[in-house]
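K.L.:
Supplied in structure tokens, the structure appears directly below.
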Amino acid sequence: MRYFFFIYSFLLSGQIFAQHGYPVPQKTANHLFYIQHSENKNTFVYDAIFENQGILNDSDPVDIYRILYAEEGQKKPLTLTQQKFAYGLKISKIDKNIFQLHLVSYPAQKLTLKLNSNKNPIVQTKLNNKTITLNRVFLKQKDGTSGLSTKIEYMIFYGKDSNGKSVQEKLVL
């Protein structure tokens with residue numbers, strides 16, 4: 001009976017975490033990760049910017065834009081409010097092709113932008129003592145919050161672990 005309860009709980013938690021029906025943005029060569037949230041299907045995309053072959057741009061290594069799926073998939077830059085209070089990044093150069101990043105809205109979660117062994121750009125973060133190469137992030141907004149007073153209930157980070165296995169880690173805020 002305990003085994004059945006465990007399996008049922010595991011399957012149910014997977015359905016709670018899933019975002020069925022959300023579009024997946026087209027992956028480019030410089031794609032890092034994307035963020036979606038529970039309020040609509042618009043997507044915030046993060047791509048690496050290179051100044052030369054194999055060299056990330058020192059002053060601005062990440063291009064951030066939004067895809068408005070509710071408006072026929074238009075690609076637009078972030079609004080000033082989104083940039084300053086929600087989806088923008090604070091970026092610090094650590095070394096050649098290595099940058100520390102964090103979302104302006106959640107500075108506690110550090111991200112690292114670097115090139116992997118194939119010279120492809122990746123972003124990694126550490127959650128629950130696991131290093132994850134990010135693919136996407138889902139934000140569950142607290143009901144009844146919006147605009148500048150938006151509160152996040154939890155974040156789910158999707159990606160690959162050091163063995164290349166797909167993982168997802170939930171961060172309750």
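Naming scheme: A, B, ... for chains in displayed order of the structure tokens; residues 1 onward per chain; ligands 1 onward as shown.
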Hey, what's within 7 Å of A:Pro61 if we count only C-alpha atoms and toss same-chain stuff fewer than 3 positions away? As a PyMOL selection string, please?

P.N.:
chain A and resi 48-50+56-58

K.L.:
Residues near A:Val45, anyone? I mean within 10 Å using only C-alpha atoms, not counting same-chain ones fewer than 2 positions away, as JSON, numbers by chain.

P.N.:
{"A": [25, 26, 27, 31, 32, 33, 34, 35, 36, 42, 43, 47, 62, 63, 64, 65, 66, 67, 75, 77, 78, 87, 136]}

K.L.:
Could you write those residues out with N, CA and C atoms, as a short mmCIF file (atom, residue, chain, number, x, y, z; two decimals), in the first residue's frame?

P.N.:
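Done, and the output landed in result36.cif:
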data_model
loop_
_atom_site.label_atom_id
_atom_site.label_comp_id
_atom_site.auth_asym_id
_atom_site.auth_seq_id
_atom_site.Cartn_x
_atom_site.Cartn_y
_atom_site.Cartn_z
N PRO A 25 9.91 27.81 -27.70
CA PRO A 25 10.54 28.69 -28.70
C PRO A 25 11.56 27.94 -29.54
N GLN A 26 11.72 28.39 -30.76
CA GLN A 26 12.70 27.78 -31.67
C GLN A 26 14.09 27.95 -31.07
N LYS A 27 14.83 26.88 -31.04
CA LYS A 27 16.17 26.91 -30.46
C LYS A 27 17.17 27.37 -31.50
N HIS A 31 21.21 29.82 -28.18
CA HIS A 31 20.15 29.71 -27.18
C HIS A 31 20.73 29.26 -25.83
N LEU A 32 20.31 29.95 -24.77
CA LEU A 32 20.71 29.57 -23.42
C LEU A 32 19.56 28.89 -22.67
N PHE A 33 18.47 29.63 -22.44
CA PHE A 33 17.30 29.09 -21.76
C PHE A 33 16.14 30.03 -21.98
N TYR A 34 14.97 29.63 -21.50
CA TYR A 34 13.81 30.51 -21.58
C TYR A 34 12.98 30.40 -20.31
N ILE A 35 12.15 31.42 -20.08
CA ILE A 35 11.30 31.47 -18.90
C ILE A 35 9.85 31.62 -19.34
N GLN A 36 8.98 30.83 -18.72
CA GLN A 36 7.54 30.98 -18.91
C GLN A 36 6.90 31.08 -17.54
N ASN A 42 3.24 33.77 -22.99
CA ASN A 42 4.35 34.56 -23.50
C ASN A 42 5.64 34.06 -22.87
N THR A 43 6.72 34.13 -23.61
CA THR A 43 7.98 33.49 -23.23
C THR A 43 9.13 34.49 -23.30
N ASP A 47 19.56 34.43 -25.07
CA ASP A 47 20.54 33.93 -26.03
C ASP A 47 21.90 34.56 -25.76
N VAL A 62 24.45 38.61 -23.07
CA VAL A 62 23.15 37.94 -23.18
C VAL A 62 22.12 38.87 -23.84
N ASP A 63 21.45 38.34 -24.86
CA ASP A 63 20.33 39.01 -25.51
C ASP A 63 19.05 38.45 -24.91
N ILE A 64 18.19 39.34 -24.40
CA ILE A 64 16.93 38.91 -23.80
C ILE A 64 15.79 39.52 -24.60
N TYR A 65 14.85 38.69 -24.96
CA TYR A 65 13.67 39.17 -25.68
C TYR A 65 12.47 38.32 -25.29
N ARG A 66 11.31 38.78 -25.68
CA ARG A 66 10.09 38.04 -25.36
C ARG A 66 9.38 37.66 -26.65
N ILE A 67 8.73 36.53 -26.60
CA ILE A 67 7.91 36.08 -27.72
C ILE A 67 6.46 36.13 -27.24
N LYS A 75 8.09 38.68 -31.84
CA LYS A 75 9.30 38.81 -31.04
C LYS A 75 9.52 40.29 -30.73
N PRO A 77 11.48 43.26 -27.76
CA PRO A 77 12.40 43.44 -26.63
C PRO A 77 11.60 43.52 -25.32
N LEU A 78 12.30 43.33 -24.21
CA LEU A 78 11.65 43.50 -22.91
C LEU A 78 11.22 44.95 -22.74
N TYR A 87 12.56 40.28 -15.52
CA TYR A 87 13.28 39.31 -16.34
C TYR A 87 14.67 39.76 -16.78
N ARG A 136 15.07 25.56 -19.32
CA ARG A 136 13.94 26.47 -19.14
C ARG A 136 13.62 26.61 -17.66
#

K.L.:
Rank A:Pro23, A:Lys84, A:Lys96, A:Ser59 by their smallest atom-to-atom distance to A:Glu72, using only C-alpha atoms, and report the top residue only.

P.N.:
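So, comparing all the options, the nearest one is A:Pro23.
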
K.L.:
List every residue of stretch 118-161 of chain A that DSSP, applied to the backbone, labels as strand (DSSP E), and write the result as a list in words.

P.N.:
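The strand (DSSP E) subset of stretch 118-161 of chain A is Pro121, Ile122, Val123, Gln124, Thr125, Lys126, Leu127, Lys130, Thr131, Ile132, Thr133, Leu134, Asn135, Arg136, Val137, Phe138, Leu139, Lys140, Gln141, Ile152, Glu153, Tyr154, Met155, Ile156, Phe157, Tyr158, Gly159 and Lys160 of chain A.
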
K.L.:
Return the single residue from A:Gln100, A:Ser105, A:Gln141, A:Thr112 that is closest to A:Met155, with distances computed using only C-alpha atoms.

P.N.:
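The shortest atom-to-atom distance to A:Met155 comes from A:Gln141.
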
K.L.:
Report, in Å with one decimal, the straight-line distance from atom CA of A:Asn163 to atom CA of A:Ile94.

P.N.:
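About the pair atom CA of A:Asn163 and atom CA of A:Ile94: they are 25.1 Å apart.
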
K.L.:
Do a neighbour search on A:Gly144 at 12 Å with only C-alpha atoms, toss out local chain neighbours closer than 6 positions, and write the hits as a list in words.

P.N.:
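The filter keeps Glu39, Thr150, Lys151, Ile152 and Glu153 of chain A.
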
K.L.:
For the residues selected in the previous step, produce a file with N, CA and C atoms as a CSV table (one decimal), in the first residue's frame.

P.N.:
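Result file is result_5.csv:
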chain,number,residue,atom,x,y,z
A,39,GLU,N,0.7,33.0,-15.8
A,39,GLU,CA,-0.3,33.9,-16.2
A,39,GLU,C,-0.7,33.9,-17.7
A,150,THR,N,3.6,41.6,-8.2
A,150,THR,CA,3.6,40.1,-8.5
A,150,THR,C,4.5,39.4,-7.5
A,151,LYS,N,3.9,38.3,-7.0
A,151,LYS,CA,4.7,37.4,-6.1
A,151,LYS,C,4.7,36.1,-6.7
A,152,ILE,N,5.9,35.4,-6.6
A,152,ILE,CA,6.1,34.1,-7.1
A,152,ILE,C,5.9,33.0,-6.0
A,153,GLU,N,5.1,32.0,-6.3
A,153,GLU,CA,4.9,30.9,-5.3
A,153,GLU,C,6.1,29.9,-5.4

K.L.:
So that I can check the surroundings of A:Gly88, please list as a count of residues only every protein, DNA and RNA residue that reaches within 7 Å of it, counting only C-alpha atoms and ignoring chain neighbours fewer than 4 positions away.

P.N.:
5

K.L.:
Near A:Ile122, within 8 Å and counting only C-alpha atoms, which residues show up once chain neighbours fewer than 6 positions away are dropped, as a ChimeraX atom specification?

P.N.:
/A:32,113-116,133-134

K.L.:
Using only all heavy atoms, please write the residues we just selected to a file, as a compact mmCIF listing (two decimals), in the first residue's frame.

P.N.:
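Result file is out.txt:
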# COMPACT_ATOMS: atom_id res chain seq x y z
N LEU A 32 20.31 29.95 -24.77
CA LEU A 32 20.71 29.57 -23.42
C LEU A 32 19.56 28.89 -22.67
O LEU A 32 19.65 27.73 -22.32
CB LEU A 32 21.18 30.81 -22.64
CG LEU A 32 22.43 31.50 -23.19
CD1 LEU A 32 22.65 32.85 -22.51
CD2 LEU A 32 23.64 30.59 -23.03
N LEU A 113 27.13 31.69 -16.79
CA LEU A 113 27.20 31.60 -18.25
C LEU A 113 28.64 31.26 -18.61
O LEU A 113 29.57 31.92 -18.15
CB LEU A 113 26.79 32.93 -18.88
CG LEU A 113 27.12 33.13 -20.37
CD1 LEU A 113 26.40 32.10 -21.24
CD2 LEU A 113 26.77 34.55 -20.80
N LYS A 114 28.80 30.23 -19.42
CA LYS A 114 30.13 29.84 -19.89
C LYS A 114 29.99 29.03 -21.16
O LYS A 114 28.88 28.80 -21.64
CB LYS A 114 30.86 29.03 -18.82
CG LYS A 114 30.19 27.73 -18.44
CD LYS A 114 30.95 27.06 -17.30
CE LYS A 114 30.36 25.71 -16.94
NZ LYS A 114 31.14 25.06 -15.90
N LEU A 115 31.11 28.63 -21.71
CA LEU A 115 31.11 27.76 -22.89
C LEU A 115 31.42 26.34 -22.44
O LEU A 115 32.29 26.12 -21.59
CB LEU A 115 32.16 28.23 -23.90
CG LEU A 115 32.00 29.65 -24.43
CD1 LEU A 115 33.09 29.96 -25.45
CD2 LEU A 115 30.62 29.88 -25.02
N ASN A 116 30.70 25.37 -23.00
CA ASN A 116 30.99 23.97 -22.67
C ASN A 116 32.20 23.48 -23.47
O ASN A 116 32.83 24.26 -24.19
CB ASN A 116 29.75 23.09 -22.86
CG ASN A 116 29.30 22.98 -24.31
OD1 ASN A 116 30.02 23.35 -25.25
ND2 ASN A 116 28.10 22.46 -24.50
N THR A 133 22.43 22.28 -15.97
CA THR A 133 22.56 23.09 -17.17
C THR A 133 21.14 23.42 -17.61
O THR A 133 20.38 22.53 -17.97
CB THR A 133 23.33 22.34 -18.27
OG1 THR A 133 24.63 22.02 -17.78
CG2 THR A 133 23.45 23.19 -19.53
N LEU A 134 20.79 24.70 -17.51
CA LEU A 134 19.41 25.12 -17.71
C LEU A 134 18.93 24.99 -19.15
O LEU A 134 19.67 25.26 -20.09
CB LEU A 134 19.25 26.59 -17.33
CG LEU A 134 19.05 26.93 -15.87
CD1 LEU A 134 18.85 28.43 -15.70
CD2 LEU A 134 17.92 26.17 -15.26

K.L.:
Please compute the atom CA of A:Gln168-atom CA of A:Leu127 distance, one decimal, in Å.

P.N.:
9.6 Å

K.L.:
In Å, rounded to a single decimal, give me how far atom CA of A:Pro121 is from atom CA of A:Phe157.

P.N.:
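Between these atoms lies a distance of 17.7 Å.
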
K.L.:
Of the candidates A:Ser92, A:Thr28, A:Ser117, A:Ser38, which shows the shortest atom-to-atom distance to A:Asp143, using only C-alpha atoms?

P.N.:
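Distance minimum relative to A:Asp143 lands on A:Ser38.
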
K.L.:
Between A:Leu111, A:Leu80, A:Leu173, A:Leu68, which is the closest to A:Thr125 once you count only C-alpha atoms?

P.N.:
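Going through A:Leu111, A:Leu80, A:Leu173, A:Leu68 one by one, the smallest distance to A:Thr125 is for A:Leu111.
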
K.L.:
Using DSSP secondary structure from the backbone, list all helix (DSSP H, G or I) positions within chain A, as a ChimeraX atom specification.

P.N.:
/A:2-17,69-71,80-85,147-149

K.L.:
Given the selection you just returned, output its residues as a file containing C-alpha atoms, formatted as a tab-separated table (two decimals), in the first residue's frame.

P.N.:
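Final output, saved to result26.tsv:
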chain	number	residue	atom	x	y	z
A	2	ARG	CA	2.82	2.40	0.88
A	3	TYR	CA	4.47	1.64	-2.49
A	4	PHE	CA	1.23	2.44	-4.35
A	5	PHE	CA	0.89	5.76	-2.45
A	6	PHE	CA	4.50	6.69	-3.33
A	7	ILE	CA	3.98	5.96	-7.05
A	8	TYR	CA	0.66	7.85	-7.08
A	9	SER	CA	2.25	10.86	-5.34
A	10	PHE	CA	5.16	10.84	-7.77
A	11	LEU	CA	2.88	10.76	-10.83
A	12	LEU	CA	0.63	13.47	-9.40
A	13	SER	CA	3.60	15.75	-8.64
A	14	GLY	CA	4.77	15.40	-12.25
A	15	GLN	CA	1.39	16.57	-13.48
A	16	ILE	CA	1.40	19.51	-11.09
A	17	PHE	CA	4.84	20.59	-12.36
A	69	TYR	CA	2.49	33.89	-28.32
A	70	ALA	CA	-0.82	35.55	-27.40
A	71	GLU	CA	-0.13	37.97	-30.28
A	80	LEU	CA	11.72	48.79	-19.32
A	81	THR	CA	9.66	47.50	-16.38
A	82	GLN	CA	10.36	43.85	-17.31
A	83	GLN	CA	14.05	44.66	-17.69
A	84	LYS	CA	14.40	46.51	-14.36
A	85	PHE	CA	12.07	44.52	-12.11
A	147	GLY	CA	2.06	44.06	-12.07
A	148	LEU	CA	4.89	45.34	-9.88
A	149	SER	CA	3.38	43.57	-6.86

K.L.:
Compare A:Phe138, A:Leu89, A:Gly164, A:Asn30 by their minimum atom-to-atom distance to A:Pro107, counting only C-alpha atoms, and give me the closest one.

P.N.:
A:Leu89
